[in-house]
file my_file04.csv (CSV, C-alpha atoms)
chain,number,residue,atom,x,y,z
A,276,MET,CA,91.3,133.7,102.0
A,277,LYS,CA,92.2,132.4,105.5
A,278,MET,CA,90.6,129.0,106.3
A,279,LYS,CA,90.3,127.8,109.9
A,280,PHE,CA,91.0,124.3,110.9
A,281,SER,CA,90.4,122.5,114.3
A,282,ILE,CA,92.4,119.3,114.4
A,283,TYR,CA,92.4,116.5,117.0
A,284,ARG,CA,95.8,116.2,118.6
A,285,TYR,CA,97.0,113.5,121.0
A,286,ASN,CA,100.5,112.4,121.7
A,287,PRO,CA,100.5,109.6,124.3
A,288,ASP,CA,104.1,110.4,125.2
A,289,THR,CA,103.4,114.0,126.3
A,290,ASP,CA,99.6,114.4,126.6
A,291,THR,CA,97.4,113.1,129.3
A,292,LYS,CA,94.3,113.5,127.1
A,293,PRO,CA,93.4,114.5,123.6
A,294,ARG,CA,92.8,118.2,122.7
A,295,MET,CA,91.6,120.2,119.6
A,296,GLN,CA,94.2,122.5,118.1
A,297,ASP,CA,93.3,125.5,115.9
A,298,TYR,CA,95.2,126.2,112.7
A,299,GLU,CA,94.9,128.8,110.0
A,300,LEU,CA,95.7,128.3,106.3
A,301,GLU,CA,95.9,130.8,103.5
A,302,VAL,CA,93.9,129.4,100.6
A,303,GLU,CA,94.0,131.2,97.3
A,304,GLU,CA,90.7,132.9,96.5
A,305,GLY,CA,88.6,131.0,94.0
A,306,SER,CA,90.9,127.9,94.3
A,307,ASP,CA,90.0,124.6,95.9
A,308,MET,CA,92.2,122.0,97.4
A,309,MET,CA,91.8,118.6,98.9
A,310,VAL,CA,91.8,118.1,102.6
A,311,LEU,CA,95.0,116.1,102.3
A,312,ASP,CA,96.8,119.0,100.6
A,313,ALA,CA,95.6,121.3,103.3
A,314,LEU,CA,96.9,118.9,106.0
A,315,LEU,CA,100.3,118.7,104.2
A,316,ALA,CA,100.4,122.5,104.2
A,317,LEU,CA,99.6,122.5,107.9
A,318,LYS,CA,102.3,120.0,108.6
A,319,GLU,CA,104.8,122.5,107.1
A,320,GLN,CA,103.6,124.9,109.8
A,321,ASP,CA,103.6,122.3,112.5
A,322,SER,CA,105.8,119.3,111.8
A,323,THR,CA,104.5,117.4,114.9
A,324,LEU,CA,101.1,116.8,113.3
A,325,ALA,CA,100.8,113.1,112.4
A,326,PHE,CA,98.5,111.5,109.8
A,327,ARG,CA,98.6,108.6,107.4
A,328,ARG,CA,98.6,109.1,103.6
A,329,SER,CA,100.1,107.4,100.6
A,330,CYS,CA,98.7,107.4,97.1
A,331,ARG,CA,96.8,110.8,97.4
A,332,GLU,CA,94.2,109.7,94.8
A,333,GLY,CA,91.7,107.6,96.7
A,334,VAL,CA,93.1,104.2,95.9
A,335,CYS,CA,95.2,103.1,98.9
A,336,GLY,CA,92.7,103.9,101.6
A,337,SER,CA,95.3,105.2,104.1
A,338,ASP,CA,93.9,108.7,104.8
A,339,GLY,CA,90.5,107.8,106.1
A,340,LEU,CA,89.5,110.7,108.5
A,341,ASN,CA,86.5,112.2,110.1
A,342,MET,CA,86.0,115.6,108.5
A,343,ASN,CA,83.3,117.9,109.8
A,344,GLY,CA,81.6,114.8,111.4
A,345,LYS,CA,81.7,112.6,108.3
A,346,ASN,CA,84.1,109.9,107.5
A,347,GLY,CA,85.9,110.1,104.1
A,348,LEU,CA,89.3,110.0,102.4
A,349,ALA,CA,91.1,113.3,102.9
A,350,CYS,CA,92.8,113.0,99.4
A,351,ILE,CA,89.5,113.0,97.5
A,352,THR,CA,87.5,115.4,99.7
A,353,PRO,CA,87.7,119.0,98.5
A,354,LEU,CA,87.6,121.7,101.1
A,355,SER,CA,84.6,123.2,99.2
A,356,ALA,CA,82.6,120.1,100.1
A,357,LEU,CA,82.9,120.8,103.8
A,358,LYS,CA,80.5,123.4,105.1
A,359,GLY,CA,81.0,125.8,107.9
A,360,ASN,CA,83.7,128.3,108.9
A,361,THR,CA,86.0,125.9,110.5
A,362,VAL,CA,87.0,122.5,109.2
A,363,VAL,CA,87.0,120.0,112.1
A,364,ILE,CA,89.3,117.0,111.5
A,365,ARG,CA,89.3,114.0,113.8
A,366,PRO,CA,90.6,110.5,113.6
A,367,LEU,CA,88.2,107.7,112.4
A,368,PRO,CA,85.8,107.2,115.4
A,369,GLY,CA,85.7,104.0,117.4
A,370,LEU,CA,89.3,102.9,116.9
A,371,PRO,CA,92.1,103.4,119.5
A,372,VAL,CA,94.2,106.5,118.6
A,373,ILE,CA,97.9,105.9,118.3
A,374,ARG,CA,98.8,109.6,117.7
A,375,ASP,CA,96.9,112.6,116.4
A,376,LEU,CA,94.9,111.4,113.3
A,377,VAL,CA,96.6,107.9,113.2
A,378,VAL,CA,94.4,105.1,114.5
A,379,ASP,CA,95.2,101.5,115.4
A,380,MET,CA,93.4,99.4,112.7
A,381,ALA,CA,94.2,96.0,114.3
A,382,GLN,CA,90.5,95.4,115.3
A,383,PHE,CA,89.3,96.2,111.9
A,384,TYR,CA,91.9,93.9,110.2
A,385,ARG,CA,91.0,91.1,112.7
A,386,GLN,CA,87.4,91.2,111.4
A,387,TYR,CA,88.6,91.2,107.8
A,388,GLU,CA,90.8,88.2,108.5
A,389,LYS,CA,87.8,86.4,110.1
A,390,VAL,CA,85.9,86.2,106.8
A,391,ARG,CA,88.7,84.4,105.1
A,392,PRO,CA,89.1,87.0,102.4
A,393,TYR,CA,90.6,84.8,99.8
A,394,LEU,CA,89.4,82.2,97.2
A,395,ILE,CA,89.1,78.7,98.5
A,396,ASN,CA,88.6,75.9,96.0
A,397,ASN,CA,89.0,72.4,97.1
A,398,ASP,CA,88.4,70.9,93.6
A,399,GLU,CA,91.1,69.4,91.5
A,400,PRO,CA,93.2,72.3,90.3
A,401,PRO,CA,92.5,73.0,86.6
A,402,ALA,CA,95.2,72.9,84.0
A,403,ARG,CA,95.3,76.6,83.5
A,404,GLU,CA,92.9,78.6,85.5
A,405,HIS,CA,89.4,78.6,87.1
A,406,LEU,CA,87.2,80.0,84.3
A,407,GLN,CA,84.2,82.2,85.1
A,408,SER,CA,81.3,83.2,82.9
A,409,PRO,CA,80.9,87.0,82.3
A,410,GLU,CA,77.6,86.8,84.3
A,411,ASP,CA,79.3,85.2,87.3
A,412,ARG,CA,82.1,87.7,87.1
A,413,SER,CA,79.7,90.6,87.1
A,414,LYS,CA,78.3,89.4,90.4
A,415,LEU,CA,81.6,90.6,92.0
A,416,ASP,CA,81.1,94.2,90.8
A,417,GLY,CA,80.5,96.6,93.6
A,418,LEU,CA,82.3,94.2,96.0
A,419,TYR,CA,85.9,93.8,94.8
A,420,GLU,CA,86.5,97.5,94.7
A,421,CYS,CA,86.7,97.9,98.5
A,422,ILE,CA,90.0,99.5,99.5
A,423,LEU,CA,89.7,98.7,103.2
A,424,CYS,CA,89.9,102.4,104.3
A,425,ALA,CA,87.6,101.6,107.3
A,426,CYS,CA,85.5,104.7,106.7
A,427,CYS,CA,82.3,102.5,106.7
A,428,SER,CA,83.1,100.2,109.7
A,429,THR,CA,84.1,103.2,111.9
A,430,SER,CA,80.9,105.1,111.0
A,431,CYS,CA,78.8,102.1,112.2
A,432,PRO,CA,77.5,102.2,115.8
A,433,SER,CA,77.2,98.4,115.8
A,434,PHE,CA,80.9,98.2,115.1
A,435,TRP,CA,81.6,100.8,117.8
A,436,TRP,CA,79.8,98.8,120.5
A,437,ASN,CA,81.0,95.3,119.4
A,438,PRO,CA,84.2,95.7,117.3
A,439,ASP,CA,85.4,92.3,118.5
A,440,LYS,CA,82.2,90.4,117.5
A,441,PHE,CA,80.4,92.3,114.7
A,442,VAL,CA,82.3,91.8,111.5
A,443,GLY,CA,81.4,95.3,110.3
A,444,PRO,CA,80.3,96.5,106.9
A,445,SER,CA,83.7,96.3,105.3
A,446,GLY,CA,84.3,92.7,106.4
A,447,LEU,CA,80.8,91.7,105.4
A,448,LEU,CA,81.2,93.2,101.9
A,449,GLN,CA,84.3,91.1,101.6
A,450,ALA,CA,82.6,88.0,103.0
A,451,TYR,CA,79.8,88.4,100.3
A,452,ARG,CA,82.4,88.9,97.6
A,453,PHE,CA,83.7,85.3,98.3
A,454,LEU,CA,80.3,83.8,99.1
A,455,ILE,CA,79.0,84.8,95.6
A,456,ASP,CA,82.2,83.9,93.8
A,457,SER,CA,81.3,81.0,91.5
A,458,ARG,CA,84.8,79.6,91.9
A,459,ASP,CA,84.7,79.3,95.7
A,460,THR,CA,83.8,75.9,97.1
A,461,GLU,CA,83.6,76.9,100.8
A,462,THR,CA,80.2,78.7,100.7
A,463,GLN,CA,78.6,76.4,103.3
A,464,SER,CA,81.4,76.8,105.9
A,465,ARG,CA,81.6,80.5,105.3
A,466,LEU,CA,77.9,80.8,106.0
A,467,ALA,CA,78.2,78.6,109.1
A,468,ASP,CA,80.9,80.9,110.4
A,469,LEU,CA,78.6,83.9,110.1
A,470,ASP,CA,75.5,82.5,111.7
A,471,ASP,CA,75.8,83.8,115.2
A,472,ALA,CA,74.0,86.7,116.9
A,473,TYR,CA,76.7,89.2,116.1
A,474,SER,CA,78.8,88.6,113.0
A,475,VAL,CA,76.1,89.6,110.4
A,476,PHE,CA,72.9,90.1,112.4
A,477,ARG,CA,74.2,93.0,114.5
A,478,CYS,CA,73.7,95.1,111.4
A,479,ARG,CA,70.6,97.2,112.0
A,480,GLY,CA,70.5,98.6,108.5
A,481,ILE,CA,71.1,102.3,109.3
A,482,MET,CA,73.2,102.6,106.2
A,483,ASN,CA,75.9,104.9,107.6
A,484,CYS,CA,78.3,102.7,105.7
A,485,VAL,CA,76.6,103.4,102.3
A,486,ASP,CA,76.6,107.1,103.1
A,487,VAL,CA,80.3,107.4,103.7
A,488,CYS,CA,81.9,104.9,101.4
A,489,PRO,CA,84.4,106.9,99.2
A,490,LYS,CA,84.1,104.2,96.5
A,491,GLY,CA,80.3,104.4,96.3
A,492,LEU,CA,79.8,100.8,97.4
A,493,ASN,CA,76.8,99.4,99.2
A,494,PRO,CA,77.7,97.1,102.2
A,495,THR,CA,74.1,97.2,103.5
A,496,GLN,CA,73.0,95.5,100.3
A,497,ALA,CA,75.7,92.9,100.6
A,498,ILE,CA,74.7,92.2,104.2
A,499,GLY,CA,71.1,91.8,103.0
A,500,HIS,CA,72.3,89.2,100.4
A,501,ILE,CA,74.2,87.3,103.1
A,502,ARG,CA,71.0,87.2,105.3
A,503,SER,CA,69.0,85.9,102.3
A,504,MET,CA,71.7,83.2,101.8
A,505,LEU,CA,71.5,82.2,105.5
A,506,LEU,CA,67.7,82.2,105.3
A,507,LYS,CA,67.5,80.0,102.2
A,508,GLN,CA,69.7,77.5,104.0
A,509,GLY,CA,68.0,77.7,107.4
A,510,VAL,CA,64.3,77.5,106.3
B,5,MET,CA,81.5,82.1,116.2
B,6,VAL,CA,80.1,83.7,119.3
B,7,THR,CA,77.7,81.6,121.4
B,8,SER,CA,74.9,83.5,123.0
B,9,ALA,CA,73.6,81.9,126.2
B,10,THR,CA,70.8,84.4,127.0
B,11,SER,CA,69.4,85.2,123.6
B,12,LEU,CA,66.0,83.7,122.6
B,13,GLY,CA,67.2,81.8,119.5
B,14,ARG,CA,70.7,80.6,119.8
B,15,SER,CA,71.6,81.8,116.3
B,16,GLY,CA,71.5,85.2,114.7
B,17,LEU,CA,69.2,83.9,112.0
B,18,HIS,CA,66.8,82.4,114.5
B,19,ASP,CA,66.5,85.7,116.4
B,20,TRP,CA,66.2,87.7,113.2
B,21,ILE,CA,63.4,85.6,111.8
B,22,ILE,CA,61.5,85.4,115.1
B,23,GLN,CA,61.6,89.2,115.3
B,24,ARG,CA,60.3,89.6,111.8
B,25,ILE,CA,57.4,87.1,112.2
B,26,THR,CA,56.4,88.5,115.6
B,27,ALA,CA,56.4,92.0,114.1
B,28,VAL,CA,53.9,90.8,111.4
B,29,VAL,CA,51.6,89.3,114.1
B,30,LEU,CA,51.7,92.5,116.1
B,31,ALA,CA,51.0,94.6,113.0
B,32,ALA,CA,48.0,92.4,112.2
B,33,TYR,CA,46.7,92.6,115.8
B,34,VAL,CA,47.0,96.4,115.9
B,35,ILE,CA,45.3,96.8,112.6
B,36,TYR,CA,42.4,94.6,113.6
B,37,PHE,CA,42.1,96.3,117.0
B,38,LEU,CA,42.0,99.8,115.5
B,39,GLY,CA,39.5,98.6,112.8
B,40,PHE,CA,37.3,97.2,115.6
B,41,ILE,CA,37.5,100.5,117.6
B,42,PHE,CA,36.7,102.7,114.7
B,43,SER,CA,34.0,100.5,113.2
B,44,ALA,CA,32.1,99.9,116.5
B,45,GLU,CA,29.0,102.1,116.9
B,46,VAL,CA,29.2,102.0,120.7
B,47,ILE,CA,32.0,100.8,122.9
B,48,GLU,CA,30.9,99.7,126.3
B,49,PHE,CA,31.5,96.8,128.7
B,50,SER,CA,29.2,94.3,126.9
B,51,VAL,CA,31.0,95.0,123.6
B,52,TRP,CA,34.4,94.4,125.1
B,53,LYS,CA,33.2,91.3,126.9
B,54,HIS,CA,31.7,89.9,123.7
B,55,LEU,CA,35.0,90.5,121.8
B,56,PHE,CA,37.2,88.9,124.4
B,57,SER,CA,34.9,86.0,125.1
B,58,GLN,CA,35.4,84.6,121.7
B,59,VAL,CA,38.0,81.8,121.7
B,60,TRP,CA,39.6,82.9,118.4
B,61,PHE,CA,40.2,86.4,119.8
B,62,LYS,CA,41.6,85.0,123.0
B,63,VAL,CA,44.0,82.9,120.9
B,64,PHE,CA,44.8,85.9,118.7
B,65,SER,CA,45.4,88.1,121.8
B,66,LEU,CA,47.6,85.5,123.4
B,67,LEU,CA,49.5,85.2,120.2
B,68,ALA,CA,50.0,89.0,120.1
B,69,LEU,CA,51.1,88.9,123.7
B,70,ALA,CA,53.6,86.1,123.1
B,71,SER,CA,54.9,88.1,120.1
B,72,ILE,CA,55.5,91.1,122.3
B,73,VAL,CA,57.3,89.0,124.8
B,74,PHE,CA,59.6,87.3,122.2
B,75,HIS,CA,60.1,90.6,120.3
B,76,ALA,CA,61.0,92.4,123.5
B,77,TRP,CA,63.3,89.6,124.7
B,78,ILE,CA,65.3,89.7,121.4
B,79,GLY,CA,65.3,93.5,121.3
B,80,MET,CA,66.3,94.1,124.9
B,81,TRP,CA,69.0,91.4,124.6
B,82,ILE,CA,70.5,93.3,121.6
B,83,VAL,CA,70.3,96.6,123.5
B,84,SER,CA,71.9,95.1,126.5
B,85,THR,CA,74.8,93.6,124.5
B,86,ASP,CA,75.4,96.9,122.8
B,87,TYR,CA,75.3,99.2,125.8
B,88,ILE,CA,75.9,97.2,129.1
B,89,LYS,CA,79.5,96.2,129.2
B,90,PRO,CA,80.1,94.8,132.7
B,91,THR,CA,79.1,91.1,132.5
B,92,GLY,CA,77.5,91.0,136.0
B,93,ILE,CA,75.1,93.9,135.4
B,94,ARG,CA,74.4,92.6,131.9
B,95,LEU,CA,73.5,89.2,133.1
B,96,VAL,CA,71.2,90.6,135.9
B,97,PHE,CA,69.5,92.9,133.4
B,98,GLN,CA,69.0,90.1,130.9
B,99,ALA,CA,67.7,87.7,133.5
B,100,PHE,CA,65.3,90.4,134.7
B,101,VAL,CA,64.0,91.1,131.2
B,102,ILE,CA,63.4,87.3,130.5
B,103,LEU,CA,61.7,86.7,133.9
B,104,PHE,CA,59.6,89.9,133.5
B,105,CYS,CA,58.5,88.8,130.0
B,106,PHE,CA,57.5,85.4,131.1
B,107,ALA,CA,55.6,86.8,134.1
B,108,CYS,CA,53.7,89.1,131.7
B,109,LEU,CA,52.9,86.2,129.5
B,110,ILE,CA,51.5,84.0,132.3
B,111,TRP,CA,49.6,86.9,133.8
B,112,GLY,CA,48.2,87.9,130.4
B,113,ALA,CA,47.0,84.3,129.7
B,114,GLN,CA,45.3,84.2,133.1
B,115,ILE,CA,43.5,87.5,132.4
B,116,LEU,CA,42.5,86.5,128.9
B,117,TRP,CA,41.0,83.1,130.0
B,118,GLY,CA,39.4,84.8,133.0
B,119,VAL,CA,37.0,86.7,130.7

call {"tool": "encode", "arguments": {"input": "my_file04.csv", "output": "structure tokens"}}
result
Amino acid sequence: MKMKFSIYRYNPDTDTKPRMQDYELEVEEGSDMMVLDALLALKEQDSTLAFRRSCREGVCGSDGLNMNGKNGLACITPLSALKGNTVVIRPLPGLPVIRDLVVDMAQFYRQYEKVRPYLINNDEPPAREHLQSPEDRSKLDGLYECILCACCSTSCPSFWWNPDKFVGPSGLLQAYRFLIDSRDTETQSRLADLDDAYSVFRCRGIMNCVDVCPKGLNPTQAIGHIRSMLLKQGV
Amino acid sequence: MVTSATSLGRSGLHDWIIQRITAVVLAAYVIYFLGFIFSAEVIEFSVWKHLFSQVWFKVFSLLALASIVFHAWIGMWIVSTDYIKPTGIRLVFQAFVILFCFACLIWGAQILWGV
């Protein structure tokens, strides 16, 4: 069975503007393959096609792409999940394109850096380790699993319009992961850093992030919790 | 931390909470107003005049008007910071919205207390 692909191509050295290029791939009848495997097969046809990938099993978060209009990881998205005659593959929306399907993630990482995504504990260091009760540990479930693939933030219009000011769903999920950590002592200053008109509050709750997260996480809920924490402090 | 010079509240939390509270006031006003219209046997000038001549309804109406103004200010500020990128045009737009909102509030108060 021949499958059609339409792939976003742009090489800043030779192209003046991006274009869509059509490809065809022979897929064995009754078989299914992941989009990443299809891309690798297409790269054998056309070695100039550029995209990122690494672990090929949804753990590293390198191959976030926009497939038929929806962000996801190419390595865990089967072709059968994409409807229509032609599979349209574009880079993650909203970030500058370096080449073909490779985007510049600097803006995304800057927001990640902003939330200080590491444990800060100013107490006297314990002899062995900071202990945590199983209940406190369970509060981190659904937060620590984020692999920073940027599928959520690049599907968020608020992040598209203000990528320099709005932290974005991914960064906010991480922010909440450390706000709720019983071992972290910087809760107050973390909250103070987030209390401006953009960082948290530019989220309008449209839940695109929840819809696309390949790990099934819920950034909107985490953002809601951050709002509640700010509210408790400010009222 | 981004400072916002033209937003109503200076913090995100402030704007957010004002928008929620004003929304509740507006919902209450609309529900009362619809209830009044559907429960009234006849609606004519004297009925309207009686409704609006009560001080509590004047206060309620003014509160609803103020809520619209604050709600709109915050909402339009958010829309302008999303979609209007050139600083000059954005500032002019925001200034226009703020002045227009205040003009409406003053005009509305004058109309309400003129009844």

call {"tool": "interface_residues", "arguments": {"input": "my_file04.csv", "of": "chain A", "to": "chain B", "cutoff": "12 Å", "atoms": "all atoms listed in the file", "output": "ChimeraX atom specification"}}
result
/A:386,389-390,432-442,464-479,501-510

call {"tool": "atom_distance", "arguments": {"input": "my_file04.csv", "atom1": "CA of Cys335 in chain A", "atom2": "CA of Ile422 in chain A"}}
result
6.4 Å

call {"tool": "axis_aligned_box", "arguments": {"input": "my_file04.csv", "around": "range 12-17 of chain B", "padding_each_side": "3 Å", "output": "lines of an AutoDock Vina configuration file"}}
result
center_x = 68.8
center_y = 82.9
center_z = 117.3
size_x = 11.6
size_y = 10.6
size_z = 16.6

call {"tool": "closest_residue", "arguments": {"input": "my_file04.csv", "among": "B:Ser57, B:Ser71, B:Thr91, B:Gln98", "to": "Trp117 in chain B", "atoms": "all atoms listed in the file"}}
result
B:Ser57

call {"tool": "closest_residue", "arguments": {"input": "my_file04.csv", "among": "A:Asn396, A:Ser457, A:Ser428, A:Ser337", "to": "Asp411 in chain A", "atoms": "all atoms listed in the file"}}
result
A:Ser457

call {"tool": "residues_near_point", "arguments": {"input": "my_file04.csv", "point": "(35.3, 88.9, 122.6)", "cutoff": "10 Å", "atoms": "only C-alpha atoms", "output": "PyMOL selection string"}}
result
chain B and resi 50-62+116+119

call {"tool": "closest_residue", "arguments": {"input": "my_file04.csv", "among": "A:His500, A:Lys279, A:Lys490, A:His405", "to": "Leu354 in chain A", "atoms": "only C-alpha atoms"}}
result
A:Lys279

call {"tool": "atom_distance", "arguments": {"input": "my_file04.csv", "atom1": "CA of Ala70 in chain B", "atom2": "CA of Leu103 in chain B"}}
result
13.5 Å

call {"tool": "atom_distance", "arguments": {"input": "my_file04.csv", "atom1": "CA of Val46 in chain B", "atom2": "CA of Ser65 in chain B"}}
result
21.4 Å

call {"tool": "residues_near_point", "arguments": {"input": "my_file04.csv", "point": "(106.7, 113.3, 122.4)", "cutoff": "12 Å", "atoms": "all atoms listed in the file", "output": "PyMOL selection string"}}
result
chain A and resi 284-291+323-325+374-375

call {"tool": "residues_around", "arguments": {"input": "my_file04.csv", "residues": "Pro444 in chain A", "least_positions_apart": "2", "cutoff": "8 Å", "atoms": "only C-alpha atoms", "output": "number ranges by chain"}}
result
A: 427-428, 431, 442, 446-448, 484, 494-495, 498

call {"tool": "closest_residue", "arguments": {"input": "my_file04.csv", "among": "A:Gln463, A:Ser322, A:Asn397, A:Asn346", "to": "Cys488 in chain A", "atoms": "all atoms listed in the file"}}
result
A:Asn346

call {"tool": "closest_residue", "arguments": {"input": "my_file04.csv", "among": "A:Ile455, A:Leu492, A:Leu348, A:Leu367", "to": "Arg412 in chain A", "atoms": "all atoms listed in the file"}}
result
A:Ile455

call {"tool": "decode", "arguments": {"input": "my_file04.csv", "residues": "range 61-82 of chain B", "atoms": "N, CA, C and O atoms", "output": "mmCIF file, in the first residue's frame"}}
result
data_model
loop_
_atom_site.group_PDB
_atom_site.id
_atom_site.type_symbol
_atom_site.label_atom_id
_atom_site.label_comp_id
_atom_site.auth_asym_id
_atom_site.auth_seq_id
_atom_site.Cartn_x
_atom_site.Cartn_y
_atom_site.Cartn_z
ATOM 1 N N PHE B 61 -31.369 49.691 43.522
ATOM 2 C CA PHE B 61 -31.185 49.245 42.139
ATOM 3 C C PHE B 61 -30.204 50.144 41.395
ATOM 4 O O PHE B 61 -29.475 49.684 40.522
ATOM 5 N N LYS B 62 -30.200 51.424 41.782
ATOM 6 C CA LYS B 62 -29.192 52.323 41.189
ATOM 7 C C LYS B 62 -27.795 51.837 41.569
ATOM 8 O O LYS B 62 -26.888 51.785 40.734
ATOM 9 N N VAL B 63 -27.636 51.482 42.836
ATOM 10 C CA VAL B 63 -26.325 51.013 43.301
ATOM 11 C C VAL B 63 -25.962 49.705 42.593
ATOM 12 O O VAL B 63 -24.841 49.535 42.097
ATOM 13 N N PHE B 64 -26.956 48.805 42.511
ATOM 14 C CA PHE B 64 -26.737 47.517 41.846
ATOM 15 C C PHE B 64 -26.340 47.732 40.371
ATOM 16 O O PHE B 64 -25.407 47.112 39.861
ATOM 17 N N SER B 65 -27.049 48.637 39.709
ATOM 18 C CA SER B 65 -26.756 48.915 38.291
ATOM 19 C C SER B 65 -25.364 49.520 38.126
ATOM 20 O O SER B 65 -24.616 49.159 37.215
ATOM 21 N N LEU B 66 -25.040 50.439 39.036
ATOM 22 C CA LEU B 66 -23.724 51.088 38.945
ATOM 23 C C LEU B 66 -22.614 50.064 39.209
ATOM 24 O O LEU B 66 -21.571 50.080 38.545
ATOM 25 N N LEU B 67 -22.890 49.169 40.143
ATOM 26 C CA LEU B 67 -21.934 48.099 40.446
ATOM 27 C C LEU B 67 -21.735 47.221 39.203
ATOM 28 O O LEU B 67 -20.602 46.849 38.862
ATOM 29 N N ALA B 68 -22.833 46.896 38.529
ATOM 30 C CA ALA B 68 -22.753 46.079 37.311
ATOM 31 C C ALA B 68 -21.985 46.826 36.224
ATOM 32 O O ALA B 68 -21.155 46.240 35.518
ATOM 33 N N LEU B 69 -22.244 48.135 36.119
ATOM 34 C CA LEU B 69 -21.545 48.936 35.106
ATOM 35 C C LEU B 69 -20.042 48.982 35.415
ATOM 36 O O LEU B 69 -19.206 48.804 34.512
ATOM 37 N N ALA B 70 -19.722 49.188 36.685
ATOM 38 C CA ALA B 70 -18.309 49.205 37.082
ATOM 39 C C ALA B 70 -17.679 47.848 36.803
ATOM 40 O O ALA B 70 -16.528 47.759 36.359
ATOM 41 N N SER B 71 -18.447 46.795 37.021
ATOM 42 C CA SER B 71 -17.929 45.447 36.758
ATOM 43 C C SER B 71 -17.619 45.260 35.279
ATOM 44 O O SER B 71 -16.590 44.688 34.920
ATOM 45 N N ILE B 72 -18.525 45.753 34.424
ATOM 46 C CA ILE B 72 -18.266 45.661 32.973
ATOM 47 C C ILE B 72 -16.978 46.404 32.640
ATOM 48 O O ILE B 72 -16.120 45.911 31.904
ATOM 49 N N VAL B 73 -16.838 47.600 33.207
ATOM 50 C CA VAL B 73 -15.675 48.433 32.909
ATOM 51 C C VAL B 73 -14.379 47.733 33.334
ATOM 52 O O VAL B 73 -13.429 47.634 32.561
ATOM 53 N N PHE B 74 -14.354 47.215 34.564
ATOM 54 C CA PHE B 74 -13.135 46.558 35.038
ATOM 55 C C PHE B 74 -12.874 45.266 34.255
ATOM 56 O O PHE B 74 -11.746 44.961 33.883
ATOM 57 N N HIS B 75 -13.946 44.524 34.000
ATOM 58 C CA HIS B 75 -13.837 43.258 33.257
ATOM 59 C C HIS B 75 -13.289 43.516 31.851
ATOM 60 O O HIS B 75 -12.410 42.814 31.373
ATOM 61 N N ALA B 76 -13.826 44.572 31.242
ATOM 62 C CA ALA B 76 -13.409 44.903 29.875
ATOM 63 C C ALA B 76 -11.969 45.397 29.843
ATOM 64 O O ALA B 76 -11.198 45.041 28.946
ATOM 65 N N TRP B 77 -11.623 46.199 30.818
ATOM 66 C CA TRP B 77 -10.249 46.726 30.879
ATOM 67 C C TRP B 77 -9.256 45.551 30.921
ATOM 68 O O TRP B 77 -8.317 45.470 30.122
ATOM 69 N N ILE B 78 -9.509 44.627 31.849
ATOM 70 C CA ILE B 78 -8.600 43.482 31.986
ATOM 71 C C ILE B 78 -8.612 42.639 30.711
ATOM 72 O O ILE B 78 -7.559 42.272 30.176
ATOM 73 N N GLY B 79 -9.804 42.365 30.206
ATOM 74 C CA GLY B 79 -9.930 41.522 29.012
ATOM 75 C C GLY B 79 -9.257 42.131 27.798
ATOM 76 O O GLY B 79 -8.494 41.465 27.088
ATOM 77 N N MET B 80 -9.513 43.414 27.562
ATOM 78 C CA MET B 80 -8.932 44.078 26.389
ATOM 79 C C MET B 80 -7.425 44.234 26.541
ATOM 80 O O MET B 80 -6.681 44.189 25.568
ATOM 81 N N TRP B 81 -6.978 44.415 27.793
ATOM 82 C CA TRP B 81 -5.531 44.503 28.021
ATOM 83 C C TRP B 81 -4.861 43.184 27.631
ATOM 84 O O TRP B 81 -3.817 43.168 26.982
ATOM 85 N N ILE B 82 -5.516 42.081 28.004
ATOM 86 C CA ILE B 82 -4.963 40.761 27.673
ATOM 87 C C ILE B 82 -4.962 40.550 26.162
ATOM 88 O O ILE B 82 -3.964 40.113 25.584
#
